[in-house]
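Okay, upload02.cif is below, mmCIF, C-alpha atoms:
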```cif
data_query
#
loop_
_atom_site.label_atom_id
_atom_site.label_comp_id
_atom_site.auth_asym_id
_atom_site.auth_seq_id
_atom_site.Cartn_x
_atom_site.Cartn_y
_atom_site.Cartn_z
CA MET U 78 185.33 151.59 144.35
CA ARG U 79 182.66 152.91 146.72
CA ARG U 80 183.12 155.95 148.92
CA VAL U 81 180.53 157.31 151.30
CA HIS U 82 180.56 161.11 151.66
CA LEU U 83 177.43 161.37 153.76
CA SER U 84 177.00 159.27 156.84
CA PHE U 85 174.83 156.17 156.60
CA ALA U 86 172.45 157.64 159.14
CA ILE U 87 171.89 160.79 157.07
CA LEU U 88 171.25 158.79 153.91
CA ILE U 89 168.69 156.60 155.67
CA ALA U 90 166.99 159.66 157.14
CA ALA U 91 167.06 161.30 153.73
CA GLN U 92 164.88 158.51 152.34
CA LEU U 93 162.05 160.46 153.94
CA ALA U 94 163.36 163.54 152.14
CA ALA U 95 162.54 166.07 149.47
CA LEU U 96 163.91 167.51 146.27
CA THR U 97 164.08 171.31 146.59
CA ALA U 98 160.97 171.59 148.69
CA ALA U 99 159.87 175.13 149.58
CA PRO U 100 160.86 176.02 153.16
CA ALA U 101 157.52 177.53 154.11
CA ALA U 102 155.12 176.47 156.84
CA ALA U 103 153.11 173.53 155.53
CA ARG U 104 149.42 173.97 154.87
CA SER U 105 146.81 171.25 154.82
CA VAL U 106 146.08 169.54 151.54
CA GLN U 107 142.46 170.62 151.77
CA GLU U 108 143.49 174.30 151.96
CA SER U 109 145.61 174.09 148.81
CA ALA U 110 142.81 174.28 146.23
CA GLY U 111 144.68 176.27 143.57
CA TRP U 112 148.01 175.90 141.81
CA GLU U 113 151.19 176.63 143.75
CA PHE U 114 154.59 177.17 142.14
CA ASN U 115 158.13 177.17 143.50
CA LEU U 116 161.36 178.10 141.69
CA VAL U 117 164.65 177.16 143.36
CA PRO U 118 167.98 178.22 141.75
CA TYR U 119 171.13 176.87 143.43
CA LEU U 120 174.88 177.14 143.27
CA TRP U 121 176.69 173.89 144.04
CA MET U 122 180.35 173.82 145.12
CA ALA U 123 180.92 170.18 144.21
CA GLY U 124 184.01 168.11 144.70
CA SER U 125 184.09 164.52 143.52
CA SER U 126 185.39 161.00 143.88
CA THR U 127 185.79 159.31 140.51
CA ARG U 128 186.98 155.98 139.17
CA LEU U 129 187.04 155.65 135.39
CA ALA U 130 188.51 153.75 132.46
CA HIS U 131 188.20 154.39 128.72
CA PRO U 132 188.09 151.73 125.97
CA ALA U 133 191.51 152.89 124.67
CA PHE U 134 192.92 153.37 128.17
CA PRO U 135 192.07 150.18 130.10
CA LEU U 136 193.78 151.19 133.35
CA ALA U 137 191.51 152.40 136.15
CA VAL U 138 192.09 156.04 137.05
CA GLU U 139 191.13 157.23 140.53
CA ALA U 140 190.65 160.84 141.61
CA ASP U 141 189.38 162.18 144.89
CA SER U 142 188.65 165.77 145.96
CA SER U 143 188.54 166.38 149.68
CA PHE U 144 186.25 169.04 151.15
CA GLY U 145 189.14 171.51 151.19
CA ASP U 146 189.79 170.92 147.46
CA ILE U 147 186.25 171.70 146.30
CA LEU U 148 186.72 175.35 145.32
CA GLY U 149 190.08 174.64 143.66
CA ASN U 150 188.77 171.77 141.50
CA LEU U 151 185.30 173.04 140.60
CA ASP U 152 185.06 174.54 137.13
CA PHE U 153 181.34 175.26 137.31
CA GLY U 154 178.30 173.99 139.16
CA ALA U 155 174.70 175.16 139.08
CA MET U 156 171.25 173.72 139.48
CA VAL U 157 167.64 174.81 139.32
CA ALA U 158 164.37 173.16 140.24
CA PHE U 159 160.75 174.03 139.51
CA GLU U 160 157.74 172.65 141.33
CA ALA U 161 154.05 172.96 140.39
CA ARG U 162 151.44 171.61 142.78
CA ARG U 163 147.68 171.41 143.11
CA GLY U 164 146.22 169.53 146.04
CA ARG U 165 148.03 166.26 146.67
CA TRP U 166 149.58 166.02 143.19
CA GLY U 167 152.51 167.91 141.76
CA LEU U 168 155.18 168.04 139.08
CA LEU U 169 158.88 168.42 139.85
CA LEU U 170 161.53 169.42 137.30
CA ASP U 171 165.14 169.40 138.45
CA GLY U 172 168.25 170.06 136.39
CA LEU U 173 171.90 170.45 137.26
CA TYR U 174 175.24 170.86 135.56
CA VAL U 175 178.63 170.25 137.17
CA LYS U 176 182.12 170.36 135.69
CA VAL U 177 185.09 169.31 137.80
CA SER U 178 188.80 169.08 136.93
CA GLU U 179 191.17 167.27 139.25
CA ASP U 180 194.38 165.28 139.52
CA GLY U 181 194.09 161.51 139.42
CA MET U 182 196.36 158.53 139.91
CA VAL U 183 196.78 155.30 137.97
CA ALA U 184 198.49 152.17 139.29
CA ILE U 185 201.04 150.49 136.96
CA PRO U 186 201.20 146.71 137.64
CA GLN U 187 204.61 146.41 135.95
CA LEU U 188 205.98 148.90 138.49
CA GLY U 189 204.72 146.94 141.48
CA GLY U 190 201.51 148.99 141.65
CA ALA U 191 203.34 152.33 141.72
CA ARG U 192 200.91 155.18 141.08
CA LEU U 193 201.55 157.83 138.42
CA PRO U 194 199.63 161.10 138.05
CA VAL U 195 197.10 161.84 135.30
CA ALA U 196 194.61 164.69 134.78
CA VAL U 197 190.90 163.87 135.04
CA GLY U 198 187.81 165.86 134.11
CA VAL U 199 184.15 165.04 134.73
CA ARG U 200 181.25 166.93 133.18
CA SER U 201 177.78 165.91 134.26
CA PHE U 202 174.35 167.12 133.19
CA THR U 203 171.22 165.52 134.59
CA GLY U 204 167.54 166.39 134.52
CA LEU U 205 164.60 164.87 136.38
CA ALA U 206 160.90 165.01 135.49
CA GLY U 207 159.08 163.65 138.52
CA VAL U 208 155.49 163.23 139.67
CA GLN U 209 154.82 164.00 143.33
CA TYR U 210 152.15 162.74 145.69
CA ARG U 211 151.73 164.36 149.10
CA LEU U 212 151.18 161.88 151.90
CA VAL U 213 151.29 164.30 154.84
CA ALA U 214 150.86 168.06 155.27
CA ASP U 215 150.30 169.57 158.70
CA GLY U 216 151.79 172.10 161.10
CA ILE U 217 154.87 169.93 161.62
CA GLY U 218 155.78 169.74 157.94
CA SER U 219 155.13 167.74 154.78
CA LEU U 220 156.07 164.40 153.22
CA ASP U 221 155.90 163.60 149.48
CA LEU U 222 156.65 160.57 147.35
CA VAL U 223 158.49 161.34 144.08
CA ALA U 224 159.03 159.16 140.99
CA GLY U 225 159.99 159.72 137.37
CA PRO U 226 162.71 159.43 134.70
CA ARG U 227 166.09 161.11 135.03
CA PHE U 228 168.21 161.83 131.95
CA TRP U 229 172.00 161.80 132.27
CA SER U 230 174.81 162.99 130.03
CA LEU U 231 178.20 162.28 131.56
CA GLY U 232 181.51 163.14 129.94
CA SER U 233 184.87 162.01 131.30
CA SER U 234 188.34 162.99 130.12
CA ILE U 235 191.75 161.44 130.79
CA ASN U 236 194.99 163.25 129.97
CA ALA U 237 198.14 161.20 130.63
CA ALA U 238 201.78 161.42 129.55
CA PHE U 239 203.96 158.75 131.14
CA PRO U 240 207.75 159.15 131.46
CA SER U 241 209.77 157.66 128.62
CA GLY U 242 210.60 154.02 129.23
CA THR U 243 207.72 153.37 131.66
CA PRO U 244 206.74 149.67 131.35
CA LEU U 245 203.03 149.73 130.49
CA PRO U 246 200.49 146.91 130.21
CA PRO U 247 199.59 145.81 126.66
CA GLY U 248 197.13 148.20 125.03
CA VAL U 249 198.01 151.20 127.20
CA PRO U 250 199.55 154.07 125.16
CA PRO U 251 202.46 156.11 126.61
CA SER U 252 200.38 159.26 126.13
CA TYR U 253 196.63 159.63 126.06
CA SER U 254 194.20 162.55 125.78
CA ARG U 255 190.57 161.83 125.08
CA ARG U 256 187.02 162.50 126.26
CA GLU U 257 184.29 159.87 126.32
CA THR U 258 180.59 160.72 126.68
CA VAL U 259 177.73 158.43 127.62
CA ASP U 260 173.99 159.27 127.78
CA TRP U 261 171.27 157.27 129.51
CA VAL U 262 167.95 157.36 131.36
CA ASP U 263 167.26 155.97 134.84
CA ALA U 264 163.94 155.30 136.55
CA MET U 265 164.09 157.17 139.88
CA ALA U 266 161.99 156.95 143.03
CA GLY U 267 162.29 158.51 146.46
CA ALA U 268 160.76 160.94 148.90
CA LYS U 269 160.99 164.51 150.10
CA ALA U 270 160.16 166.16 153.40
CA VAL U 271 160.09 169.52 155.11
CA VAL U 272 160.13 169.88 158.90
CA ASN U 273 159.22 173.23 160.48
CA LEU U 274 161.82 173.84 163.20
CA ALA U 275 160.72 177.40 164.02
CA PRO U 276 158.39 180.03 162.50
CA ARG U 277 161.07 181.05 159.97
CA ILE U 278 163.36 178.00 159.93
CA THR U 279 162.87 174.64 158.24
CA LEU U 280 164.84 171.45 157.68
CA ASN U 281 164.63 170.29 154.05
CA ALA U 282 165.86 166.96 152.70
CA HIS U 283 165.45 164.64 149.76
CA ALA U 284 166.65 161.24 148.61
CA MET U 285 166.12 159.50 145.28
CA PHE U 286 167.55 156.23 143.99
CA GLY U 287 167.36 154.59 140.61
CA ALA U 288 168.78 152.42 137.85
CA GLY U 289 168.26 151.68 134.19
CA GLY U 290 170.96 152.91 131.86
CA SER U 291 173.26 152.91 134.90
CA ARG U 292 173.79 150.18 137.45
CA PHE U 293 172.86 152.57 140.24
CA SER U 294 172.37 156.30 140.76
CA SER U 295 171.44 158.38 143.77
CA ASP U 296 170.70 161.97 144.69
CA SER U 297 170.33 163.32 148.22
CA LEU U 298 170.22 166.72 149.89
CA LEU U 299 170.02 167.99 153.44
CA ALA U 300 169.46 171.75 153.85
CA VAL U 301 168.27 174.42 156.25
CA GLY U 302 165.82 177.06 155.02
CA PHE U 303 165.29 180.58 156.38
CA ARG U 304 162.21 182.51 155.32
CA ALA U 305 163.46 185.95 154.30
CA GLY U 306 160.17 187.33 153.03
CA ARG U 307 156.57 186.47 152.33
CA SER U 308 157.43 184.45 149.21
CA THR U 309 161.23 184.07 149.39
CA SER U 310 163.45 181.79 151.46
CA LEU U 311 167.20 181.23 151.59
CA LEU U 312 168.66 177.71 151.57
CA ALA U 313 172.03 176.29 152.61
CA GLY U 314 172.93 172.62 152.72
CA TYR U 315 174.92 169.69 151.38
CA ARG U 316 174.18 167.65 148.26
CA HIS U 317 175.48 164.26 147.14
CA LEU U 318 175.05 162.80 143.65
CA SER U 319 176.36 159.47 142.37
CA ALA U 320 176.24 157.31 139.24
CA GLU U 321 177.82 154.02 138.16
CA VAL U 322 178.02 153.27 134.43
CA HIS U 323 179.68 150.21 132.89
CA ARG U 324 179.60 149.55 129.16
CA SER U 325 180.64 146.42 127.26
CA ASN U 326 183.17 148.42 125.19
CA GLY U 327 185.30 149.03 128.29
CA LEU U 328 183.97 152.43 129.36
CA ASP U 329 183.60 152.47 133.16
CA VAL U 330 182.62 155.53 135.18
CA ASP U 331 181.89 155.52 138.90
CA THR U 332 181.49 159.10 140.11
CA ARG U 333 180.31 160.68 143.34
CA MET U 334 179.89 164.46 143.42
CA HIS U 335 179.39 166.13 146.76
CA GLY U 336 179.60 169.51 148.40
CA PRO U 337 177.80 172.51 149.92
CA ALA U 338 174.95 174.17 148.05
CA VAL U 339 173.32 177.58 148.54
CA GLY U 340 170.24 178.96 146.87
CA ALA U 341 166.85 180.64 147.15
CA SER U 342 163.26 179.50 147.02
CA ILE U 343 160.81 181.79 145.21
CA ARG U 344 157.13 180.91 145.60
CA PHE U 345 154.32 182.31 143.49
#
```
Translate the structure of the given file into structure tokens.
Amino acid sequence: MRRVHLSFAILIAAQLAALTAAPAAARSVQESAGWEFNLVPYLWMAGSSTRLAHPAFPLAVEADSSFGDILGNLDFGAMVAFEARRGRWGLLLDGLYVKVSEDGMVAIPQLGGARLPVAVGVRSFTGLAGVQYRLVADGIGSLDLVAGPRFWSLGSSINAAFPSGTPLPPGVPPSYSRRETVDWVDAMAGAKAVVNLAPRITLNAHAMFGAGGSRFSSDSLLAVGFRAGRSTSLLAGYRHLSAEVHRSNGLDVDTRMHGPAVGASIRF
């Protein structure tokens, strides 16, 4: 199952985008002789769309949080990024943790595809260590290429208790409560950009795509920055994160987390 929570046009534009770039007026590469640092803590109000199956529960469970359900389903979401740069080259560290609980549905073939409710939980931790190379830096903004490994740890839980007498497919228990966890590393590549819209306002975006331990993973952000002080800016935007994992033992997880994010950029 594939669901698109950002428009195709935004995702294509985000390929020229940036991971937690500082919303300050860009300076030329030649002027940036010393080290520059940027710390960006965020809060992420993430809902999700998830399709999963466990080895001992071979029915596909589907759960979907609409925008209005985000605050009700989010258990916790936070992220932080750190950027160190000197001249054209830089290092980007990005980590986030999201835990979402929501109601899901499972279709029972023996009941003509009738859907019964189950409880679903998704816990995701991911961290990126990326190398950056600045292609452009002028009065309009900046453009960087980013590449590096991203570590994932994704846990999924299914809690189901079907009514007595429900005809179930072979191998499906009448009650089930279990968490499965899978860890992997993806090779990621993408871009980041900052566009100066006004003396204190910037448009910030990023997009990264990868694969390796997963079939496909993506991370994109579109945000507006407002410079509140000489070294501090406020950020507000929308982030989308996805991963598809399929294992030979029957564990399948296809999750898309999405929602508004707010944070601050602290430069030193």
**Message:** When you count all atoms listed in the file, which of these residues is closest to U:Pro246: U:Leu311, U:Val117, U:Ile185, U:Val301?
**Reply:**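 Among the listed residues, the smallest separation from U:Pro246 belongs to U:Ile185.
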Write out, as a Markdown table, each residue of stretch 118-167 of chain U that has an atom at most 12 Å from stretch 248-269 of chain U, together with the closest pair of atoms and their distance in Å to one decimal, counting only C-alpha atoms, rows going by chain and rising number.
```
| residue | atom | partner | partner_atom | distance |
| --- | --- | --- | --- | --- |
| U:Leu129 | CA | U:Glu257 | CA | 10.4 |
| U:Ala130 | CA | U:Glu257 | CA | 9.6 |
| U:His131 | CA | U:Glu257 | CA | 7.1 |
| U:Pro132 | CA | U:Glu257 | CA | 9.0 |
| U:Ala133 | CA | U:Val249 | CA | 7.2 |
| U:Phe134 | CA | U:Val249 | CA | 5.6 |
| U:Pro135 | CA | U:Val249 | CA | 6.7 |
| U:Leu136 | CA | U:Val249 | CA | 7.5 |
| U:Ala137 | CA | U:Val249 | CA | 11.1 |
```
**Atomic separation - atom CA of U:Tyr174 relative to atom CA of U:Leu193, Å** =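 Distance reported for this atom pair: 29.5 Å.
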**Request:** Measuring atom to atom with all atoms listed in the file, identify which of U:His283, U:Arg307, U:Arg333, U:Arg200 is nearest to U:Asp221.
**Result:** U:His283
**Message:** Could you list, as a list of chain:residue names, every residue within 12 Å of U:Arg304, counting all atoms listed in the file and ignoring same-chain residues fewer than 3 positions away?
**Reply:**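 That gives U:Ala99, U:Pro100, U:Ala101, U:Ala102, U:Asn273, U:Leu274, U:Ala275, U:Pro276, U:Arg277, U:Ile278, U:Thr279, U:Leu280, U:Val301, U:Arg307, U:Ser308, U:Thr309, U:Ser310, U:Leu311, U:Leu312, U:Ala313, U:Ala341, U:Ser342, U:Ile343, U:Arg344.
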Would you mind exporting the chosen residues as a PDB file, in the coordinates of the input, restricted to C-alpha atoms?
```
ATOM      1  CA  ALA U  99     159.870 175.130 149.580  1.00  0.00           C
ATOM      2  CA  PRO U 100     160.860 176.020 153.160  1.00  0.00           C
ATOM      3  CA  ALA U 101     157.520 177.530 154.110  1.00  0.00           C
ATOM      4  CA  ALA U 102     155.120 176.470 156.840  1.00  0.00           C
ATOM      5  CA  ASN U 273     159.220 173.230 160.480  1.00  0.00           C
ATOM      6  CA  LEU U 274     161.820 173.840 163.200  1.00  0.00           C
ATOM      7  CA  ALA U 275     160.720 177.400 164.020  1.00  0.00           C
ATOM      8  CA  PRO U 276     158.390 180.030 162.500  1.00  0.00           C
ATOM      9  CA  ARG U 277     161.070 181.050 159.970  1.00  0.00           C
ATOM     10  CA  ILE U 278     163.360 178.000 159.930  1.00  0.00           C
ATOM     11  CA  THR U 279     162.870 174.640 158.240  1.00  0.00           C
ATOM     12  CA  LEU U 280     164.840 171.450 157.680  1.00  0.00           C
ATOM     13  CA  VAL U 301     168.270 174.420 156.250  1.00  0.00           C
ATOM     14  CA  ARG U 307     156.570 186.470 152.330  1.00  0.00           C
ATOM     15  CA  SER U 308     157.430 184.450 149.210  1.00  0.00           C
ATOM     16  CA  THR U 309     161.230 184.070 149.390  1.00  0.00           C
ATOM     17  CA  SER U 310     163.450 181.790 151.460  1.00  0.00           C
ATOM     18  CA  LEU U 311     167.200 181.230 151.590  1.00  0.00           C
ATOM     19  CA  LEU U 312     168.660 177.710 151.570  1.00  0.00           C
ATOM     20  CA  ALA U 313     172.030 176.290 152.610  1.00  0.00           C
ATOM     21  CA  ALA U 341     166.850 180.640 147.150  1.00  0.00           C
ATOM     22  CA  SER U 342     163.260 179.500 147.020  1.00  0.00           C
ATOM     23  CA  ILE U 343     160.810 181.790 145.210  1.00  0.00           C
ATOM     24  CA  ARG U 344     157.130 180.910 145.600  1.00  0.00           C
TER      25      ARG U 344
END
```
**Output of the PyMOL selection byres ((chain U and resi 197) around 10), listed as a PyMOL selection string** = chain U and resi 127-129+138-140+177-182+194-196+198-199+233-237+254+256
Atoms kept (C-alpha atoms) for selection, written as a compact mmCIF listing (two decimals), in the frame of the given file:
```txt
# COMPACT_ATOMS: atom_id res chain seq x y z
CA THR U 127 185.79 159.31 140.51
CA ARG U 128 186.98 155.98 139.17
CA LEU U 129 187.04 155.65 135.39
CA VAL U 138 192.09 156.04 137.05
CA GLU U 139 191.13 157.23 140.53
CA ALA U 140 190.65 160.84 141.61
CA VAL U 177 185.09 169.31 137.80
CA SER U 178 188.80 169.08 136.93
CA GLU U 179 191.17 167.27 139.25
CA ASP U 180 194.38 165.28 139.52
CA GLY U 181 194.09 161.51 139.42
CA MET U 182 196.36 158.53 139.91
CA PRO U 194 199.63 161.10 138.05
CA VAL U 195 197.10 161.84 135.30
CA ALA U 196 194.61 164.69 134.78
CA GLY U 198 187.81 165.86 134.11
CA VAL U 199 184.15 165.04 134.73
CA SER U 233 184.87 162.01 131.30
CA SER U 234 188.34 162.99 130.12
CA ILE U 235 191.75 161.44 130.79
CA ASN U 236 194.99 163.25 129.97
CA ALA U 237 198.14 161.20 130.63
CA SER U 254 194.20 162.55 125.78
CA ARG U 256 187.02 162.50 126.26
```
**Request:** Just give me the residues with any atom within 9 Å of (175.4, 171.9, 149.5), file coordinates, counting all atoms listed in the file, written as a PyMOL selection string.
**Result:** chain U and resi 119-123+298-300+313-317+335-339
**Message:** Between atom CA of U:Phe239 and atom CA of U:Arg192, what is the distance in Å, rounded to a tenth?
**Reply:**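 Atom CA of U:Arg192 lies at a distance of 11.0 Å from atom CA of U:Phe239.
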**Item:** Long-range neighbours of U:Trp112 as a ChimeraX atom specification, 8 Å cut-off, only C-alpha atoms, 6 positions minimum in chain
**Value:** /U:161-164
Just to be explicit: take each residue in the selection above, keep C-alpha atoms, and write the result as a PDB file, in the frame of the given file.
```
ATOM      1  CA  ALA U 161     154.050 172.960 140.390  1.00  0.00           C
ATOM      2  CA  ARG U 162     151.440 171.610 142.780  1.00  0.00           C
ATOM      3  CA  ARG U 163     147.680 171.410 143.110  1.00  0.00           C
ATOM      4  CA  GLY U 164     146.220 169.530 146.040  1.00  0.00           C
TER       5      GLY U 164
END
```
